[in-house]
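Right, one structure below, let's go through it.
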Amino acid sequence: MSPDPAGAVADAHRREWAGVLAATVRVTRDLDLAEECVQEAYAQALTAWRDGVPARPGAWLTTAARRRALDAHRRAAVAQRALPLLVVDEVAPEPWGAPPDDLLALLFTCCHPALTAEARVALTLRLLGGLTTPEIARAFLVTEPTMAARLTRAKKKIAAAGVPFRVPGPDELPRRLAGVLTVVHLVLTTGHTAPTGAALVRHDLLDRAHDLARLLRSRFPDDADVAGLLALVLLTDARRAARTDPAGGLVLLADQDRALWDPGMIAEGRALVLEALPARPVSRYAVLAAIAAVHADAPTFADTDWPEIVGLYDVLAARWPSPVVALNRAVAVGFADGPEAGLAALDALGDDPRLATYGYLAAARGELLRRAGRDAEARTALEEAALLTANDVERELLTDRLAALEG
Amino acid sequence: MGRYLILLYEDEASWAAVGQEETAAILAAHRRFGEAHGDVLRGGGWLHPTATATAVRGPGGGGNADAPGFAAGEDALVTDGPYVETKEALGGFYLVEVPDLDSALALAREVPAPFGGVEVRPLRET
């Protein structure tokens, strides 16, 4: 038990938010009202927990939130409702806490294909991650009013169109699970390198990706995509402490202190890759995680098994071709067969208009040119990359590289 | 339970170009759809092409002179053609009553619409 109620409430917010909300949605059948009740329950806890933190904070919060929800329903019973109630399947109520399926139902509701991709991610971070609207707005480069409007519109559509609060049945599940995994993957990549701002890594987003992947793994233990995605989360997040220096500057994979990598996460991630990779059809997440695992297995950057990484990118390029995969493959070729080979592979995709404003292309070219000793061309490419990135930490690294070339 | 309108939007030029046999096959597919889902179907219809449409526009909406906002003496504007010109035009509809959007979408996937697609719209329950 924590002697500090504010700390205990913050901790419970981090751990229990999604479960408390999901259990409350079942009672309110209204997402906004559920959020309001859960927020009030947390506020109530700040005072109530001064005399001692309950043994089961999540159960306490759920009871408090549900009580408020029932009161609100009684008050609103005669009032005209603007929107219909959520479609919630009848199940025997649990005496406390959220049965795991409520959490999962909330996740599937947030990731419903009838919502836009942007709305799915935003709703998931808001309702399951407990992030505030300004936090989500910052992560996705939009203003707060824009993000608030996006969330409101999505919640309205869920109610008005009758998006059900439910884990889909077996017919629908494979397709719907793929959509959920896309959202979790986007949370991971956005958290790993924040698209904008002063901080390179959004720890809050990484933590949420971690929680969501674990939730899915607990519910779908035999699914290769789920195992692959959790592996990718673990192997990516294992490098968290090494990716920035004490001043917050970006440390590239080549320069990272590998002693700072989390060995527990790497071991778990590697085991999941071994489990997921043999599944057929091949899981894209398992291949992405396998690439991360090859890096994790190398004691030093120079010892990296680059031909293996090129081979894994070949699998990706064959089944899921994209300019970004081609770019990453070219970088791997540059290490496996030398910078000139890497530049040749890059030239093959230099005209792709989808990469025209993608800063990583210019950065990769600059790096290969630098290693090939073509300093003047390297300078031009790195200058272009610094112009194109919106992340301050990345820009600083590129500027440092430029300064090194000048010296 | 909620009511949903499934709106069929299809390319009219394609419809005009098909032969009798293909038309019959599409209609048979609709009949099969209707028979398979008679328990949730509340209505439906097949529209003549937009060439037969007449739009009525007035400040009050459909041209009702008693409607709010309709100034005295103003008349509705009646024009030949659909309200909105689109390549894929509204050509038919089904009204269904099902528990939720997922059920409505499952039905929508089965609606024959070889020259376009369908839109699912929830009805306001008043």
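Just remember, in the structure tokens the first chain shown is A, the second B, etc., residues are 1-based per chain, and ligands are 1-based in the order shown.
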Discussion item. With only C-alpha atoms considered, list every residue of chain B at most 6 Å from chain A, as a PyMOL selection string.
Written reply: chain B and resi 100-101+122
Store the residues picked out above in a file with C-alpha atoms, as a PDB file, in the first residue's frame.
ATOM      1  CA  ASP B 100     -26.418  -3.266 -34.717  1.00  0.00           C
ATOM      2  CA  LEU B 101     -24.142  -1.878 -37.414  1.00  0.00           C
ATOM      3  CA  PRO B 122     -28.824   4.427 -39.678  1.00  0.00           C
TER       4      PRO B 122
END
Worksheet item: Where in region 77-289 of chain A does DSSP assign helix (DSSP H, G or I), given as an MDAnalysis selection string?
Response: chainID A and resid 100:110 117:128 133:139 144:161 173:192 203:219 224:237 240:243 253:255 258:260 263:276 284:289
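Neighbouring residues of Val84 (chain B) at 12 Å or closer, counting only C-alpha atoms and skipping chain neighbours under 4 positions away, are Thr50, Ala53, Thr54, Ala55, Val56, Arg57, Thr79, Asp80, Glu88, Ala89 and Leu90 of chain B.
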Discussion item. Considering only C-alpha atoms, can you say which of B:Leu47, B:Thr52, B:Thr126, B:Val40 comes closest to Phe93 (chain B)?
Written reply: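 Among the listed residues, the smallest separation from Phe93 (chain B) belongs to B:Leu47.
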Practice prompt. Would you kindly return, as a PyMOL selection string, each protein, DNA or RNA residue with an atom no farther than 9 Å from any atom of region 72-76 of chain A, considering only C-alpha atoms and excluding same-chain residues fewer than 6 positions away?
Written response: chain A and resi 28+33+37
Restricting the output to all heavy atoms, write the selected residues as a JSON list (two decimals), in the first residue's frame.
[["chain", "number", "residue", "atom", "x", "y", "z"],
["A", 28, "THR", "N", -23.08, 2.40, -18.50],
["A", 28, "THR", "CA", -23.62, 3.66, -19.05],
["A", 28, "THR", "C", -24.15, 3.48, -20.47],
["A", 28, "THR", "O", -25.08, 4.18, -20.86],
["A", 28, "THR", "CB", -22.52, 4.74, -19.14],
["A", 28, "THR", "OG1", -21.48, 4.28, -20.01],
["A", 28, "THR", "CG2", -21.94, 5.04, -17.78],
["A", 33, "LEU", "N", -20.39, 9.61, -21.18],
["A", 33, "LEU", "CA", -20.82, 9.53, -19.79],
["A", 33, "LEU", "C", -19.87, 8.62, -19.00],
["A", 33, "LEU", "O", -19.50, 8.91, -17.87],
["A", 33, "LEU", "CB", -22.26, 9.01, -19.71],
["A", 33, "LEU", "CG", -22.84, 8.84, -18.31],
["A", 33, "LEU", "CD1", -22.83, 10.16, -17.55],
["A", 33, "LEU", "CD2", -24.25, 8.28, -18.37],
["A", 37, "CYS", "N", -17.73, 9.67, -15.70],
["A", 37, "CYS", "CA", -17.86, 8.96, -14.42],
["A", 37, "CYS", "C", -16.51, 8.43, -13.94],
["A", 37, "CYS", "O", -16.21, 8.47, -12.74],
["A", 37, "CYS", "CB", -18.85, 7.80, -14.55],
["A", 37, "CYS", "SG", -20.53, 8.34, -14.87]]
Response to the item:
Atom pair CA of Val120 (chain B) + CA of Leu105 (chain B), distance 7.2 Å
Practice prompt. Quote the spacing between CA of Val167 (chain A) and CA of Trp320 (chain A) in Å to one decimal place.
Written response: 27.8 Å
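Note that the spacing between CA of Arg31 (chain B) and CA of Met1 (chain B) amounts to 24.3 Å.
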Fill in: Selection: 12 Å around Val96 (chain B), only C-alpha atoms, excl. self and same-chain fewer than 2 positions, as a PyMOL selection string
chain B and resi 1-7+34+37-44+93-94+98-101+103-108+111+120-123
Worksheet item: as a PyMOL selection string, which residues of chain B does DSSP assign to strand (DSSP E or B)?
Response: chain B and resi 2-11+41-46+54-58+61+77-80+88-98+116-122
For the residues in that selection, give me N, CA and C atoms as a compact mmCIF listing (two decimals), in the first residue's frame.
# COMPACT_ATOMS: atom_id res chain seq x y z
N GLY B 2 -32.06 -1.60 -34.48
CA GLY B 2 -32.02 -0.32 -35.19
C GLY B 2 -32.40 -0.53 -36.65
N ARG B 3 -32.92 0.53 -37.24
CA ARG B 3 -33.26 0.44 -38.65
C ARG B 3 -32.16 1.10 -39.48
N TYR B 4 -31.83 0.46 -40.58
CA TYR B 4 -30.79 0.97 -41.47
C TYR B 4 -31.31 0.97 -42.89
N LEU B 5 -30.96 2.02 -43.63
CA LEU B 5 -31.27 2.06 -45.05
C LEU B 5 -30.00 1.65 -45.79
N ILE B 6 -30.11 0.64 -46.61
CA ILE B 6 -28.97 0.24 -47.45
C ILE B 6 -29.23 0.82 -48.84
N LEU B 7 -28.40 1.79 -49.22
CA LEU B 7 -28.60 2.52 -50.47
C LEU B 7 -27.67 1.96 -51.53
N LEU B 8 -28.24 1.60 -52.69
CA LEU B 8 -27.43 1.03 -53.77
C LEU B 8 -27.02 2.14 -54.74
N TYR B 9 -25.73 2.35 -54.85
CA TYR B 9 -25.21 3.33 -55.80
C TYR B 9 -24.49 2.59 -56.91
N GLU B 10 -24.99 2.73 -58.14
CA GLU B 10 -24.37 2.01 -59.24
C GLU B 10 -24.26 2.88 -60.48
N ASP B 11 -23.35 2.48 -61.35
CA ASP B 11 -23.11 3.21 -62.58
C ASP B 11 -24.28 2.97 -63.54
N LEU B 41 -35.89 -7.75 -43.40
CA LEU B 41 -36.21 -6.74 -44.42
C LEU B 41 -37.52 -6.06 -44.07
N ARG B 42 -37.51 -4.73 -44.09
CA ARG B 42 -38.73 -3.97 -43.81
C ARG B 42 -39.22 -3.24 -45.07
N GLY B 43 -38.45 -3.33 -46.13
CA GLY B 43 -38.88 -2.66 -47.35
C GLY B 43 -37.74 -2.56 -48.33
N GLY B 44 -38.05 -2.14 -49.51
CA GLY B 44 -37.00 -2.00 -50.51
C GLY B 44 -37.61 -1.57 -51.82
N GLY B 45 -36.76 -1.19 -52.75
CA GLY B 45 -37.29 -0.78 -54.04
C GLY B 45 -36.21 -0.60 -55.07
N TRP B 46 -36.64 -0.70 -56.32
CA TRP B 46 -35.73 -0.53 -57.46
C TRP B 46 -36.18 0.72 -58.18
N THR B 54 -37.01 14.14 -61.07
CA THR B 54 -37.37 15.55 -61.07
C THR B 54 -37.00 16.13 -59.71
N ALA B 55 -36.20 17.17 -59.71
CA ALA B 55 -35.80 17.78 -58.45
C ALA B 55 -36.70 18.95 -58.14
N VAL B 56 -37.03 19.09 -56.86
CA VAL B 56 -37.86 20.20 -56.40
C VAL B 56 -37.08 20.93 -55.32
N ARG B 57 -36.68 22.15 -55.61
CA ARG B 57 -35.89 22.92 -54.63
C ARG B 57 -36.64 24.16 -54.22
N GLY B 58 -36.69 24.37 -52.91
CA GLY B 58 -37.30 25.60 -52.44
C GLY B 58 -36.67 25.97 -51.12
N GLY B 61 -37.04 23.61 -48.33
CA GLY B 61 -36.56 22.25 -48.46
C GLY B 61 -37.18 21.63 -49.69
N LEU B 77 -38.59 25.57 -57.01
CA LEU B 77 -38.01 25.46 -58.33
C LEU B 77 -38.02 23.99 -58.75
N VAL B 78 -38.73 23.70 -59.81
CA VAL B 78 -38.83 22.32 -60.29
C VAL B 78 -37.94 22.17 -61.51
N THR B 79 -37.01 21.20 -61.44
CA THR B 79 -36.10 21.00 -62.58
C THR B 79 -36.04 19.53 -62.95
N ASP B 80 -35.71 19.30 -64.22
CA ASP B 80 -35.53 17.94 -64.72
C ASP B 80 -34.19 17.40 -64.21
N GLU B 88 -22.14 7.39 -60.18
CA GLU B 88 -22.84 6.26 -59.58
C GLU B 88 -24.04 6.81 -58.83
N ALA B 89 -25.21 6.52 -59.33
CA ALA B 89 -26.41 7.16 -58.81
C ALA B 89 -27.20 6.19 -57.94
N LEU B 90 -28.00 6.77 -57.06
CA LEU B 90 -28.90 5.96 -56.23
C LEU B 90 -29.87 5.23 -57.15
N GLY B 91 -29.86 3.90 -57.06
CA GLY B 91 -30.70 3.12 -57.97
C GLY B 91 -31.66 2.19 -57.26
N GLY B 92 -31.49 2.09 -55.94
CA GLY B 92 -32.38 1.20 -55.21
C GLY B 92 -32.04 1.24 -53.73
N PHE B 93 -32.87 0.58 -52.93
CA PHE B 93 -32.62 0.60 -51.49
C PHE B 93 -33.27 -0.59 -50.81
N TYR B 94 -32.73 -0.93 -49.68
CA TYR B 94 -33.39 -1.88 -48.77
C TYR B 94 -33.50 -1.22 -47.41
N LEU B 95 -34.60 -1.44 -46.73
CA LEU B 95 -34.74 -0.99 -45.34
C LEU B 95 -34.69 -2.25 -44.48
N VAL B 96 -33.74 -2.28 -43.53
CA VAL B 96 -33.60 -3.49 -42.70
C VAL B 96 -33.69 -3.10 -41.23
N GLU B 97 -34.06 -4.05 -40.41
CA GLU B 97 -34.11 -3.82 -38.96
C GLU B 97 -33.28 -4.92 -38.31
N VAL B 98 -32.14 -4.51 -37.72
CA VAL B 98 -31.18 -5.48 -37.18
C VAL B 98 -30.63 -4.95 -35.86
N GLY B 116 -21.31 -1.01 -58.77
CA GLY B 116 -21.03 0.04 -57.80
C GLY B 116 -20.95 -0.54 -56.41
N GLY B 117 -21.59 0.12 -55.46
CA GLY B 117 -21.54 -0.37 -54.08
C GLY B 117 -22.74 0.15 -53.31
N VAL B 118 -22.71 -0.07 -52.01
CA VAL B 118 -23.85 0.36 -51.21
C VAL B 118 -23.38 1.24 -50.06
N GLU B 119 -24.30 2.02 -49.55
CA GLU B 119 -24.04 2.86 -48.38
C GLU B 119 -25.04 2.46 -47.31
N VAL B 120 -24.55 2.34 -46.08
CA VAL B 120 -25.43 1.95 -44.97
C VAL B 120 -25.68 3.18 -44.10
N ARG B 121 -26.94 3.54 -43.93
CA ARG B 121 -27.24 4.73 -43.12
C ARG B 121 -28.23 4.36 -42.02
N PRO B 122 -27.87 4.69 -40.77
CA PRO B 122 -28.82 4.43 -39.68
C PRO B 122 -29.98 5.41 -39.74
